[in-house]
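Notes to accompany the following structure.
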Amino acid sequence: MPVRGGRWEGFWELRARQLQRQLQAKEERIVELETENALLHLKLAESWEVTRRDRRAETHALLGEQMPRRGHSLSALTRLCRAAQKLKQEMEALQSSSRGLLQSYQEEHWDCLSEIVQAVQTAQLHRETLPRAWPAEAGRLEQSLRDVTERWQRELQERRRLQEALAELKGNIRVHCRIRPLLPFDDKAQEPVSQNSSVSRGVVHAVDDETVLVECNRPGHPLINKTYTFERVYGPAESQRAVFEDVCPLLTSFLDGYNVCIMAYGQTGSGKSFTMLGPHCQEEPALPSEPRGDTGIIPRAAAELFRLISEDASRSPEVDVSIVEVYNNDIFDLLANDSCRVASGVKRQVLPTQQGRKAVCGLTYQSVRSAAQFLTLVGGGLQLRAKQPTAVHAESSRSHLVITVTLATATSPRGRSGRPSSPALQSDRSASTEPCRPGSRLPATGRRQNPPVPPRTRGHRLRRAALDTLGQVRATLQLVDLAGSECAGECGEPAPGWPGLGAPTGGVPQCPLSLAPPSWHRFSTEAQSVSPPRCPAGSRQCHRLSWGDVQ
Ligand SMILES: Nc1ncnc2c1ncn2[C@@H]1O[C@H](COP(=O)(O)OP(=O)(O)OP(=O)(O)O)[C@@H](O)[C@H]1O
């Protein structure tokens with residue numbers, strides 16, 4: 001502690017100076033610090049500026065990278081928004097339509113329910129009233145059914161009567177004549193004998209639907225024009241369809257139980273096979289199951305037959321087919337297999353049956369259910385058929401071809417479908433079903449026989465009426481393509497099928513088979529080109545004439 005008086009004053013003076021110094025030092029320090037602070041502020045400001053600049057640069061860089069992405073995201077977002085909006089709209093539409101549907105279902109449901117309730121009520125009412133009313137109603141229905149059936153039977157009989165009358169008017173045996181067009185091979189055949197020209201000229205003309213004119217122009221003789229009349233004449237331009245249309249009604253008759261035979265005959269190359277089968281060759285004998293422009297009678301008949309059968313499902317008859325070839329007086333079963341199980345045409349014999357008729361013994365019948373099946377069999381048979389080129393044409397059939405279709409419906413008390421029964425019921429169903437008498441001799445061939453004409457007597461009508469009650473239909477349809485009748489001189493050689501079988505020029509050749517039973521048959525032949533008068537030597541043109549169709 002400073003001493004009181006002078007000492008204290010020095011002390012305080014010292015102390016003041018000390019403090020002044022300290023103050024000064026502090027003030028200096030403050031100035032220093034302030035300067036330092038200002039410097040620091042400056043540095044800070046500089047640093048801030050740098051940092052801000054860096055950040056801005058970074059941000060710019062970042063923005064530069066992200067902008068396209070953001071653009072994509074934005075457009076995707078817009079699309080999504082739009083899709084979501086569309087979905088929303090669709091959902092709304094769906095909701096409203098389902099509401100509508102629900103409402104309509106509910107209404108329907110209520111309608112059905114009320115109908116059911118009504119039906120139940122009506123049923124209940126009926127249950128109470130029917131036991132009293134149903135016998136009368138059933139009786140009424142039965143009566144009307146009887147009336148309708150009777151009317152139907154009457155109409156059916158009327159149709160048959162009319163068809164029969166028409167057939168009678170047209171003739172039970174009808175001969176139609178077809179003149180084929182001149183073909184290139186006619187010129188070839190002409191060459192050796194024609195001195196003036198190698199170009200064929202038609203000498204057979206269809207004057208009208210029933211008349212044929214033949215120019216008989218023999219060297220050294222005056223020209224004679226001959227006319228022949230037929231039930232129908234087809235000119236060279238007439239189509240296969242036109243020819244078939246005339247024989248088509250016979251298939252209805254066949255289903256009614258009439259035996260039918262459609263036979264083509266005429267000289268070689270005149271177009272018998274073309275008319276019956278259509279264009280075909282042995283290498284490719286398949287026949288079209290659907291009729292085409294130039295399809296012949298047989299494929300068309302098959303299609304029509306099965307079409308008619310399908311029209312009446314209740315009828316469903318059994319259809320059997322046999323195919324026979326007659327060649328050189330021998331009969332071959334073209335559907336039979338030999339011992340090696342190969343279809344090669346097995347030889348058969350014609351023997352008398354126990355009923356005293358003639359029949360091909362052991363003939364093969366195959367059941368068919370469609371036109372295609374039928375035509376496959378025919379195609380197979382054609383492959384086996386004997387052919388040989390002649391001077392007239394290369395694909396000449398050397399044999400008779402007989403295709404037999406047998407139709408049989410089951411017996412029922414009133415007929416299977418109520419239809420009248422077959423007038424041909426008693427005819428052969430198939431030769432193979434009739435036992436042949438062993439040791440019988442073959443019938444003599446070579447004799448001419450007139451084709452059997454069905455008698456239309458009162459007795460036959462009665463017989464048919466009696467058969468009607470059995471309600472069974474059984475009939476045969478025979479489709480025959482005969483070998484050509486020909487002039488040996490013109491064709492280069494006699495046809496092997498002809499010796500002993502019949503007249504070589506014109507006329508119906510004798511076939512050892514009975515083509516149709518003697519009664520209640522329709523016998524129809526469609527033929528092509530045959531020489532009506534004897535062929536004058538060297539005038540081939542007169543042979544381009546045809547006739548056929550017998551009913
Ligand atoms: N109307 C026709 N239109 C066109 N070509 C036909 C006609 N008729 C027959 N032909 C043709 O004439 C040729 C001989 O016909 P097809 O084979 O039918 O005669 P065919 O009388 O059966 O002879 P063959 O008795 O010798 O067997 C065949 O090439 C056939 O295509």
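Residue numbering restarts at 1 for every chain of the structure tokens, chains are lettered A, B, ... in their displayed order, and ligands are numbered from 1 as they appear.
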
Quiz item: Which polymer residues have any atom within 8 Å of an atom of Ala206 (chain A), counting only C-alpha atoms, with same-chain residues fewer than 4 positions away left out, as number ranges by chain?
Solution: A: 179, 210-213, 233-235

Practice problem: Taking only C-alpha atoms and all ligand atoms into account, report as a count of residues only which residues have an atom no farther than 6 Å from an atom of ligand 1. | Solution: 16

Self-check item: Coordinates-based distance that separates CA of Ala61 (chain A) from CA of Leu44 (chain A) (Å, one decimal)
Solution: 25.2 Å

Practice problem: Determine which residues of region 247-404 of chain A DSSP labels as strand (DSSP E or B) from the backbone of this structure, then write them out as a ChimeraX atom specification. | Solution: /A:259-265,267,281,284,318-327,330-333,337,343,346-348,350-353,358-360,366-368,387,397,400-404

Who sits within 6 Å of region 344-348 of chain A, only C-alpha atoms, same chain under 5 positions skipped, as a tab-separated table (two decimals) with C-alpha atoms, in the first residue's frame:
chain	number	residue	atom	x	y	z
A	331	ILE	CA	-67.72	-111.56	-117.64
A	332	PHE	CA	-65.35	-109.97	-115.16
A	333	ASP	CA	-66.23	-108.79	-111.70
A	334	LEU	CA	-64.26	-105.54	-111.41
A	336	ALA	CA	-63.65	-108.69	-106.71

List every residue of region 247-304 of chain A that has an atom at most 12 Å from any atom of region 472-475 of chain A, giving for each one its closest atom pair and the distance in Å to one decimal, counting only C-alpha atoms, sorted by chain and then by ascending residue number, as a Markdown table.
| residue | atom | partner | partner_atom | distance |
| --- | --- | --- | --- | --- |
| A:Leu251 | CA | A:Ala475 | CA | 10.8 |
| A:Thr252 | CA | A:Ala475 | CA | 11.6 |
| A:Ser253 | CA | A:Ala475 | CA | 9.6 |
| A:Phe254 | CA | A:Ala475 | CA | 6.5 |
| A:Leu255 | CA | A:Val473 | CA | 7.5 |
| A:Asp256 | CA | A:Val473 | CA | 6.9 |
| A:Gly257 | CA | A:Ala475 | CA | 5.0 |
| A:Tyr258 | CA | A:Ala475 | CA | 5.8 |
| A:Asn259 | CA | A:Ala475 | CA | 5.1 |
| A:Val260 | CA | A:Ala475 | CA | 8.0 |
| A:Cys261 | CA | A:Ala475 | CA | 10.8 |

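Rounded to one decimal, CA of Glu304 (chain A) and CA of Pro249 (chain A) lie 9.8 Å from each other.
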
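Using only C-alpha atoms, the protein and nucleic acid residues lying no more than 7 Å from Ala359 (chain A), apart from those fewer than 3 places from it along its own chain, are Val350, Leu351, Pro352, Thr353 and Ala431 of chain A.
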
Residues just named, written with N, CA and C atoms as a tab-separated table (two decimals), in the first residue's frame:
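selection.tsv was written with the following content:
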chain	number	residue	atom	x	y	z
A	350	VAL	N	-72.36	-116.63	-115.85
A	350	VAL	CA	-73.81	-116.39	-115.77
A	350	VAL	C	-74.48	-117.75	-115.67
A	351	LEU	N	-75.22	-117.94	-114.59
A	351	LEU	CA	-75.88	-119.23	-114.38
A	351	LEU	C	-77.35	-119.01	-114.07
A	352	PRO	N	-78.16	-120.01	-114.32
A	352	PRO	CA	-79.58	-119.85	-113.98
A	352	PRO	C	-79.75	-119.86	-112.46
A	353	THR	N	-80.61	-119.06	-111.97
A	353	THR	CA	-80.86	-119.03	-110.52
A	353	THR	C	-81.97	-120.02	-110.19
A	431	ALA	N	-77.43	-110.19	-107.80
A	431	ALA	CA	-77.28	-111.52	-108.37
A	431	ALA	C	-76.59	-112.44	-107.39

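With CA of Pro291 (chain A) on one side and CA of Val368 (chain A) on the other, the separation reads 18.3 Å.
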
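Of the residues under consideration (A:Ala136, A:Ala45, A:Val203, A:Arg151), A:Val203 shows the shortest atom-to-atom contact distance to Arg218 (chain A) when counting only C-alpha atoms.
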
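For Arg241 (chain A), the non-local neighbours within 10 Å, defined as residues at least 5 positions apart in the same chain or in other chains and counting only C-alpha atoms, are Asp246, Cys248, Pro291, Arg292, Gly293, Asp294, Thr295, Gly296, Ile297 and Arg300 of chain A.
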
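Every protein or nucleic acid residue with an atom no more than 9 Å from Arg385 (chain A), counting only C-alpha atoms and leaving out same-chain residues fewer than 6 positions away, appears here: Gln282, Glu325, Tyr327, Leu334, Gly345, Ser397, Arg398, Ser399, His400 and Leu401 of chain A.
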
Please save N, CA and C atoms of the selected residues as a PDB file, in the first residue's frame.
ATOM      1  N   GLN A 282     -57.299 -93.791-118.886  1.00  0.00           N
ATOM      2  CA  GLN A 282     -57.069 -94.948-118.013  1.00  0.00           C
ATOM      3  C   GLN A 282     -56.006 -94.663-116.957  1.00  0.00           C
ATOM      4  N   GLU A 325     -67.624-106.138-116.221  1.00  0.00           N
ATOM      5  CA  GLU A 325     -67.129-105.874-117.577  1.00  0.00           C
ATOM      6  C   GLU A 325     -67.393-107.111-118.429  1.00  0.00           C
ATOM      7  N   TYR A 327     -66.176-108.770-121.760  1.00  0.00           N
ATOM      8  CA  TYR A 327     -65.098-108.650-122.740  1.00  0.00           C
ATOM      9  C   TYR A 327     -64.886-110.000-123.391  1.00  0.00           C
ATOM     10  N   LEU A 334     -65.341-106.523-111.600  1.00  0.00           N
ATOM     11  CA  LEU A 334     -64.265-105.542-111.411  1.00  0.00           C
ATOM     12  C   LEU A 334     -64.126-105.095-109.957  1.00  0.00           C
ATOM     13  N   GLY A 345     -60.130-107.943-111.495  1.00  0.00           N
ATOM     14  CA  GLY A 345     -61.188-108.377-112.405  1.00  0.00           C
ATOM     15  C   GLY A 345     -61.276-109.884-112.457  1.00  0.00           C
ATOM     16  N   SER A 397     -62.737 -98.083-125.618  1.00  0.00           N
ATOM     17  CA  SER A 397     -63.109 -99.147-124.674  1.00  0.00           C
ATOM     18  C   SER A 397     -63.404-100.385-125.492  1.00  0.00           C
ATOM     19  N   ARG A 398     -62.846-101.462-125.071  1.00  0.00           N
ATOM     20  CA  ARG A 398     -63.030-102.696-125.831  1.00  0.00           C
ATOM     21  C   ARG A 398     -64.071-103.606-125.206  1.00  0.00           C
ATOM     22  N   SER A 399     -64.753-103.106-124.207  1.00  0.00           N
ATOM     23  CA  SER A 399     -65.674-103.994-123.497  1.00  0.00           C
ATOM     24  C   SER A 399     -66.924-103.227-123.091  1.00  0.00           C
ATOM     25  N   HIS A 400     -67.930-103.998-122.696  1.00  0.00           N
ATOM     26  CA  HIS A 400     -69.132-103.387-122.120  1.00  0.00           C
ATOM     27  C   HIS A 400     -68.872-103.180-120.628  1.00  0.00           C
ATOM     28  N   LEU A 401     -69.317-102.056-120.126  1.00  0.00           N
ATOM     29  CA  LEU A 401     -69.180-101.783-118.689  1.00  0.00           C
ATOM     30  C   LEU A 401     -70.586-101.649-118.127  1.00  0.00           C
TER      31      LEU A 401
END

Practice problem: Enumerate as a count of residues only all residues of region 174-395 of chain A assigned to helix (DSSP H, G or I) by DSSP on the backbone, naming them with the chain letters and numbers the document uses. | Solution: 57
